[in-house]
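Chemist: Just dropping this structure here.
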Amino acid sequence: MKSYSNDLRRKIVAAYETGDYSQDEIAELFGVCQKSVSNFVRRQDQTGSPDKLPRGGGRQPQLDEPARQFIRDLLKASNHLTLSQLCQQVDEKCKTRVSVPTMGRVLLALGLTRKKRRSTPVNETRLELSKRVPITK
């Protein structure tokens with residue numbers, strides 16, 4: 001269920017602070033439950049604002065910026081390393097152990113790919129030979 005807008009929260013608290021209505025009457029008037037009105041009033045008293053609280057920040061990244069820069073430099077110097085080799089290098093240098101899937105997500109977040117691209121163009125004659133040519137008599 002979506003949370004109530006900050007505008008509605010402020011209106012509910014303002015109506016309660018007039019003293020004309022009880023919390024039950026305000027809940028019925030605005031179409032919310034009485035516990036919501038109670039929570040909005042309590043938050044107004046505690047923090048000075050009935051607005052909803054910001055969301056939590058989630059998990060912190062396992063690798064800090066120096067470790068990420070080390071990975072960039074390492075891949076710039078030798079881009080043939082596997083994910084497990086990258087994990088081993090980061091563990092030795094930065095003293096931070098990460099799993100292979102985590103390393104894959106770090107590379108994705110850094111905009112780096114594991115897939116190697118061809119450094120030479122594809123041979124044109126090879127393409128022509130691979131096409132089927134009908135035999136005529």
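All residue names refer to the structure tokens as shown: chains lettered A, B, ... in order, residues numbered from 1 in each chain, ligands numbered from 1 in order.
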Go through region 36-125 of chain A and flag each residue having an atom no more than 10 Å from region 3-11 of chain A; for those, report the closest pair of atoms plus their distance in Å to one decimal, using only C-alpha atoms, ordered by chain and rising number, as CSV.
Modeler:
residue,atom,partner,partner_atom,distance
A:Ser36,CA,A:Arg9,CA,9.0
A:Val37,CA,A:Arg9,CA,8.2
A:Asn39,CA,A:Arg9,CA,9.8
A:Phe40,CA,A:Arg9,CA,6.4
A:Val41,CA,A:Arg9,CA,8.9
A:Gln44,CA,A:Arg10,CA,8.9
A:Ser49,CA,A:Arg10,CA,8.0
A:Pro50,CA,A:Arg9,CA,6.0
A:Asp51,CA,A:Asn6,CA,5.0
A:Lys52,CA,A:Asn6,CA,6.6
Chemist: Can you pull out every residue from region 19-73 of chain A that DSSP, working from the backbone, puts in alpha helix (DSSP H), and format the result as a PyMOL selection string?
Modeler: chain A and resi 23-30+34-47+65-73
Chemist: Could the residues in this selection be saved with N, CA and C atoms as an mmCIF file, in the first residue's frame?
Modeler:
data_model
loop_
_atom_site.group_PDB
_atom_site.id
_atom_site.type_symbol
_atom_site.label_atom_id
_atom_site.label_comp_id
_atom_site.auth_asym_id
_atom_site.auth_seq_id
_atom_site.Cartn_x
_atom_site.Cartn_y
_atom_site.Cartn_z
ATOM 1 N N GLN A 23 -9.380 12.697 17.286
ATOM 2 C CA GLN A 23 -8.646 11.905 16.304
ATOM 3 C C GLN A 23 -9.568 10.960 15.543
ATOM 4 N N ASP A 24 -10.576 10.417 16.227
ATOM 5 C CA ASP A 24 -11.538 9.530 15.554
ATOM 6 C C ASP A 24 -12.324 10.281 14.489
ATOM 7 N N GLU A 25 -12.752 11.498 14.807
ATOM 8 C CA GLU A 25 -13.519 12.297 13.844
ATOM 9 C C GLU A 25 -12.653 12.694 12.647
ATOM 10 N N ILE A 26 -11.404 13.029 12.901
ATOM 11 C CA ILE A 26 -10.494 13.399 11.807
ATOM 12 C C ILE A 26 -10.242 12.190 10.909
ATOM 13 N N ALA A 27 -10.094 11.015 11.523
ATOM 14 C CA ALA A 27 -9.872 9.798 10.740
ATOM 15 C C ALA A 27 -11.052 9.532 9.828
ATOM 16 N N GLU A 28 -12.252 9.713 10.332
ATOM 17 C CA GLU A 28 -13.447 9.499 9.522
ATOM 18 C C GLU A 28 -13.582 10.579 8.458
ATOM 19 N N LEU A 29 -13.262 11.805 8.796
ATOM 20 C CA LEU A 29 -13.369 12.931 7.865
ATOM 21 C C LEU A 29 -12.427 12.762 6.674
ATOM 22 N N PHE A 30 -11.181 12.321 6.934
ATOM 23 C CA PHE A 30 -10.189 12.197 5.858
ATOM 24 C C PHE A 30 -10.120 10.796 5.258
ATOM 25 N N GLN A 34 -7.631 5.587 12.495
ATOM 26 C CA GLN A 34 -7.323 6.420 13.654
ATOM 27 C C GLN A 34 -5.853 6.308 14.028
ATOM 28 N N LYS A 35 -5.238 5.149 13.826
ATOM 29 C CA LYS A 35 -3.833 4.952 14.163
ATOM 30 C C LYS A 35 -2.943 5.830 13.284
ATOM 31 N N SER A 36 -3.327 6.041 12.030
ATOM 32 C CA SER A 36 -2.559 6.923 11.150
ATOM 33 C C SER A 36 -2.586 8.350 11.673
ATOM 34 N N VAL A 37 -3.755 8.808 12.086
ATOM 35 C CA VAL A 37 -3.865 10.155 12.643
ATOM 36 C C VAL A 37 -2.987 10.268 13.882
ATOM 37 N N SER A 38 -3.034 9.257 14.732
ATOM 38 C CA SER A 38 -2.218 9.250 15.940
ATOM 39 C C SER A 38 -0.725 9.296 15.602
ATOM 40 N N ASN A 39 -0.322 8.517 14.593
ATOM 41 C CA ASN A 39 1.088 8.504 14.195
ATOM 42 C C ASN A 39 1.529 9.855 13.624
ATOM 43 N N PHE A 40 0.668 10.479 12.818
ATOM 44 C CA PHE A 40 1.019 11.782 12.226
ATOM 45 C C PHE A 40 1.176 12.844 13.311
ATOM 46 N N VAL A 41 0.271 12.840 14.279
ATOM 47 C CA VAL A 41 0.338 13.809 15.383
ATOM 48 C C VAL A 41 1.583 13.557 16.228
ATOM 49 N N ARG A 42 1.870 12.293 16.515
ATOM 50 C CA ARG A 42 3.059 11.954 17.296
ATOM 51 C C ARG A 42 4.337 12.382 16.578
ATOM 52 N N ARG A 43 4.411 12.130 15.266
ATOM 53 C CA ARG A 43 5.605 12.530 14.517
ATOM 54 C C ARG A 43 5.739 14.048 14.490
ATOM 55 N N GLN A 44 4.614 14.762 14.414
ATOM 56 C CA GLN A 44 4.641 16.227 14.459
ATOM 57 C C GLN A 44 5.213 16.699 15.794
ATOM 58 N N ASP A 45 4.803 16.056 16.875
ATOM 59 C CA ASP A 45 5.300 16.436 18.198
ATOM 60 C C ASP A 45 6.787 16.118 18.368
ATOM 61 N N GLN A 46 7.218 14.983 17.827
ATOM 62 C CA GLN A 46 8.608 14.548 18.026
ATOM 63 C C GLN A 46 9.599 15.264 17.114
ATOM 64 N N THR A 47 9.247 15.417 15.843
ATOM 65 C CA THR A 47 10.212 15.941 14.877
ATOM 66 C C THR A 47 9.878 17.338 14.378
ATOM 67 N N GLU A 65 36.252 3.192 -3.076
ATOM 68 C CA GLU A 65 36.714 3.806 -4.324
ATOM 69 C C GLU A 65 38.166 3.464 -4.660
ATOM 70 N N PRO A 66 39.106 3.418 -3.696
ATOM 71 C CA PRO A 66 40.466 3.001 -4.068
ATOM 72 C C PRO A 66 40.520 1.577 -4.647
ATOM 73 N N ALA A 67 39.708 0.670 -4.114
ATOM 74 C CA ALA A 67 39.675 -0.692 -4.644
ATOM 75 C C ALA A 67 39.098 -0.710 -6.051
ATOM 76 N N ARG A 68 38.084 0.096 -6.283
ATOM 77 C CA ARG A 68 37.499 0.169 -7.626
ATOM 78 C C ARG A 68 38.492 0.763 -8.623
ATOM 79 N N GLN A 69 39.247 1.754 -8.181
ATOM 80 C CA GLN A 69 40.261 2.337 -9.051
ATOM 81 C C GLN A 69 41.361 1.317 -9.337
ATOM 82 N N PHE A 70 41.703 0.504 -8.355
ATOM 83 C CA PHE A 70 42.692 -0.557 -8.559
ATOM 84 C C PHE A 70 42.207 -1.533 -9.631
ATOM 85 N N ILE A 71 40.919 -1.874 -9.597
ATOM 86 C CA ILE A 71 40.354 -2.788 -10.597
ATOM 87 C C ILE A 71 40.430 -2.159 -11.983
ATOM 88 N N ARG A 72 40.074 -0.868 -12.089
ATOM 89 C CA ARG A 72 40.164 -0.182 -13.389
ATOM 90 C C ARG A 72 41.594 -0.233 -13.927
ATOM 91 N N ASP A 73 42.557 0.114 -13.070
ATOM 92 C CA ASP A 73 43.959 0.124 -13.491
ATOM 93 C C ASP A 73 44.441 -1.274 -13.858
#
Chemist: To one decimal place, how far is CA of Thr18 (chain A) from CA of Leu53 (chain A) in Å?
Modeler: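 Atom-to-atom, CA of Thr18 (chain A) to CA of Leu53 (chain A), that is 24.5 Å.
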Chemist: If I take CA of Asp91 (chain A) and CA of Gly58 (chain A), how far is one from the other in Å, to one decimal?
Modeler: 24.0 Å
Chemist: Between CA of Gly111 (chain A) and CA of Arg55 (chain A), what is the distance, to one decimal in Å?
Modeler: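 Value for the CA of Gly111 (chain A)-CA of Arg55 (chain A) distance: 26.8 Å.
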Chemist: Give the answer as one residue: which of A:Leu112, A:Ile12, A:Ala77, A:Leu83 has the shortest atom-to-atom distance to Val98 (chain A), using only C-alpha atoms?
Modeler: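 Looking only at the distances to Val98 (chain A), the closest residue turns out to be A:Leu83.
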Chemist: Of the candidates A:Thr113, A:Cys33, A:Arg105, A:Ala15, which one gets nearest to His80 (chain A) if we count only C-alpha atoms?
Modeler: A:Thr113
Chemist: Could you check which of A:Ser84, A:Ser22, A:Gln89, A:Gln62 is closest to Gly104 (chain A), using only C-alpha atoms?
Modeler: A:Ser84
